[in-house]
Protein chains: 2
Amino acid sequence: MAGHLVRAGLDVVVWNRTVEKSAPIREAGAKVAPSLADLADRCDVIFVCVNRSEDVRECLREMIQHAAPGTLFVDHSTISPMAAQSFATELRAHGMQFVDAPITGGSMGAQKGTLTVFCGGDEDAVAKAIETMKPYSGRAERVGPSGSGQMMKLANQMAVGGALLALCESMAFCERAGLDLEQAMSMIGSGAGGSWAFQNYGPKLLNRDWRPGFSIKNQRKDFGYCREAARSLGAKIPATELCDLLLSELDHAGRGEETTAALFDGYLKGGE
Amino acid sequence: MAGHLVRAGLDVVVWNRTVEKSAPIREAGAKVAPSLADLADRCDVIFVCVNRSEDVRECLREMIQHAAPGTLFVDHSTISPMAAQSFATELRAHGMQFVDAPITGGSMGAQKGTLTVFCGGDEDAVAKAIETMKPYSGRAERVGPSGSGQMMKLANQMAVGGALLALCESMAFCERAGLDLEQAMSMIGSGAGGSWAFQNYGPKLLNRDWRPGFSIKNQRKDFGYCREAARSLGAKIPATELCDLLLSELDHAGRGEETTAALFDGYLKGGE
């Protein structure tokens, strides 16, 4: 993502907790800041892409005292919508702006510059964020006020999880029934049961290839935020809860770093 | 489907429990048999398309005494795989053949002649069935011995149900979060959460259009066979069971004739 910004001619400064990870992007032309404080001092638009709400909070805390009023923070992490709202409020009190901007499209979308970005925040801040993200986004849209980007990303994760359940449950049933999985996947996947999951996770199932990919641990992290948000909205998300429960069995069996498609394996075990 | 056979130049005889329903196909050039016994007497390949296992059994019982040895029965109904196996065994004892050949693709697929057909049975019987069904099938394949066609159709229904869950859960969450459903459906449906259900049921959700379509009652009928088959295979199908449970609430509320996409409504109720 930063590489696309460099290639677009922007003046890019990066920071990573693990210094060595910055090497390729430095070679591509970005400057590497020695600390978040230094980065905040030098940038007027700052993108954050970490893991959990508390990681975003920690990054913001290290930068907020060093950033100038008017600084725009854009967070690409998938975190709690309520946390995103509180960050926006806190930064507004410092005369700064915050846009929650979780992404979907995977590492392939990042490389190709075709990521989908769900943006939540004030209209002017989101417009500026969308303009800046153009080099790596295929589709970036404002979906509502602060927190809305996270809400829609969580809905996206529910859709992803449900499609994964459908694929794995249906294919595990075929396996138990002694059917040819490749034929079943092709016939079922090209009809009313078809999905992105069938097309993209299907081959992983056939080859029993559980290398990441999007890991079980990260899917479960997102599901945790789904559950928190659903509670606060009074929304029912039983399929997401079911998917989380089934993935938790693999997670507890030490398989949390495998791709979520390994759920297929989970279906085949302990069914009797 | 019979219309396609007539247009292909085959000598078609039809029978329907409700006589008036045969009028259009008679006008198209088919003969109408006064009874199943008469139909069985006049045909060497007989297609059955009814609702439940017991309906198929009843039709076969009325025909079996009047059909000649060598008659091929092809059943397009979605029924129990175990029932399909028993019909095949029974007909074999009479020197006749049986192919389970449940279809997917909906009324649109039937009209366009692009149905997918999951065929189970002996190779020569299936080959003959596939050849005869060519005028109305887009893809008809043998998937294994008797009962296998039903097994794969049930797996198809699980995939359809899971994709429906994913769509409705994700979109009901968006609705509660105050997001724009059309935007959410477009952004989520074009990514890793996308599916045939998003593309085809999505517009129904937006318009709250619950006209059938594939009805809740028929989906639940198929889910009953899924559960029976899963028990016999020792397969886990919790997503299918969840989908059936949620649809049962709409069914019990007198909405069984609505399209399955009305599950969206079920998600929005009683979530607190």
# chains A, B, ... in the order shown; residues from 1 in each chain; ligands from 1

call {"tool": "select_by_dssp", "arguments": {"residues": "region 22-229 of chain A", "states": "alpha helix (DSSP H)", "output": "VMD selection string"}}
result
chain A and resid 23 to 28 36 to 42 53 to 64 81 to 93 106 to 112 123 to 133 148 to 176 181 to 189 196 to 207 216 to 229

call {"tool": "residues_around", "arguments": {"residues": "Gly162 (chain B)", "least_positions_apart": "4", "cutoff": "8 Å", "atoms": "only C-alpha atoms", "output": "list in words"}}
result
Gly162, Ala163, Leu165, Ala166 and Leu167 of chain A; Met158, Ala166, Ala239, Thr240 and Cys243 of chain B

call {"tool": "interface_residues", "arguments": {"of": "chain B", "to": "chain A", "cutoff": "7 Å", "atoms": "only C-alpha atoms", "output": "PyMOL selection string"}}
result
chain B and resi 105+143+151-152+155-156+158-160+162-163+165-167+169-170+173-174+176-177+179+184+188+191-197+233-237+239+267+271-272

call {"tool": "atom_distance", "arguments": {"atom1": "CA of Lys217 (chain B)", "atom2": "CA of Arg255 (chain B)"}}
result
8.7 Å

call {"tool": "closest_residue", "arguments": {"among": "B:Lys204, B:Lys134, B:His76, B:Arg61", "to": "Glu258 (chain B)", "atoms": "only C-alpha atoms"}}
result
B:Lys204

call {"tool": "select_by_dssp", "arguments": {"residues": "region 91-120 of chain A", "states": "strand (DSSP E)", "output": "VMD selection string"}}
result
chain A and resid 97 to 100 103 to 104 115 to 120

call {"tool": "closest_residue", "arguments": {"among": "A:Ile103, A:Cys43, A:Leu72, A:Ile25", "to": "His4 (chain A)", "atoms": "only C-alpha atoms"}}
result
A:Ile25

call {"tool": "residues_around", "arguments": {"residues": "Glu58 (chain B)", "least_positions_apart": "6", "cutoff": "12 Å", "atoms": "only C-alpha atoms", "output": "PDB file with N, CA and C atoms, in the first residue's frame"}}
result
ATOM      1  N   ARG B  17     -51.657 -34.344 -11.816  1.00  0.00           N
ATOM      2  CA  ARG B  17     -52.740 -34.554 -10.849  1.00  0.00           C
ATOM      3  C   ARG B  17     -53.865 -33.551 -11.102  1.00  0.00           C
ATOM      4  N   LEU B  36     -51.975 -42.287 -14.720  1.00  0.00           N
ATOM      5  CA  LEU B  36     -50.575 -42.698 -14.679  1.00  0.00           C
ATOM      6  C   LEU B  36     -50.409 -44.090 -15.282  1.00  0.00           C
ATOM      7  N   ALA B  37     -51.417 -44.957 -15.060  1.00  0.00           N
ATOM      8  CA  ALA B  37     -51.358 -46.310 -15.614  1.00  0.00           C
ATOM      9  C   ALA B  37     -51.266 -46.239 -17.131  1.00  0.00           C
ATOM     10  N   VAL B  48     -40.469 -38.105 -13.571  1.00  0.00           N
ATOM     11  CA  VAL B  48     -41.342 -37.777 -12.443  1.00  0.00           C
ATOM     12  C   VAL B  48     -40.816 -36.477 -11.835  1.00  0.00           C
ATOM     13  N   VAL B  50     -42.243 -34.371  -8.687  1.00  0.00           N
ATOM     14  CA  VAL B  50     -43.257 -34.087  -7.673  1.00  0.00           C
ATOM     15  C   VAL B  50     -42.573 -33.482  -6.453  1.00  0.00           C
ATOM     16  N   ASN B  51     -43.058 -33.756  -5.253  1.00  0.00           N
ATOM     17  CA  ASN B  51     -42.535 -33.024  -4.099  1.00  0.00           C
ATOM     18  C   ASN B  51     -41.711 -33.890  -3.148  1.00  0.00           C
ATOM     19  N   ARG B  52     -42.346 -34.824  -2.472  1.00  0.00           N
ATOM     20  CA  ARG B  52     -41.693 -35.585  -1.416  1.00  0.00           C
ATOM     21  C   ARG B  52     -41.474 -37.048  -1.822  1.00  0.00           C
ATOM     22  N   ILE B  64     -45.937 -48.952 -12.001  1.00  0.00           N
ATOM     23  CA  ILE B  64     -45.032 -50.100 -12.128  1.00  0.00           C
ATOM     24  C   ILE B  64     -45.704 -51.326 -12.745  1.00  0.00           C
ATOM     25  N   PHE B  87     -36.102 -47.151  -4.348  1.00  0.00           N
ATOM     26  CA  PHE B  87     -36.866 -47.186  -5.605  1.00  0.00           C
ATOM     27  C   PHE B  87     -36.054 -47.883  -6.703  1.00  0.00           C
TER      28      PHE B  87
END

call {"tool": "closest_residue", "arguments": {"among": "A:Val14, A:Ala68, A:Leu206, A:Val99", "to": "Leu39 (chain A)", "atoms": "only C-alpha atoms"}}
result
A:Val14

call {"tool": "atom_distance", "arguments": {"atom1": "CA of Ala2 (chain B)", "atom2": "CA of Ala110 (chain B)"}}
result
9.5 Å
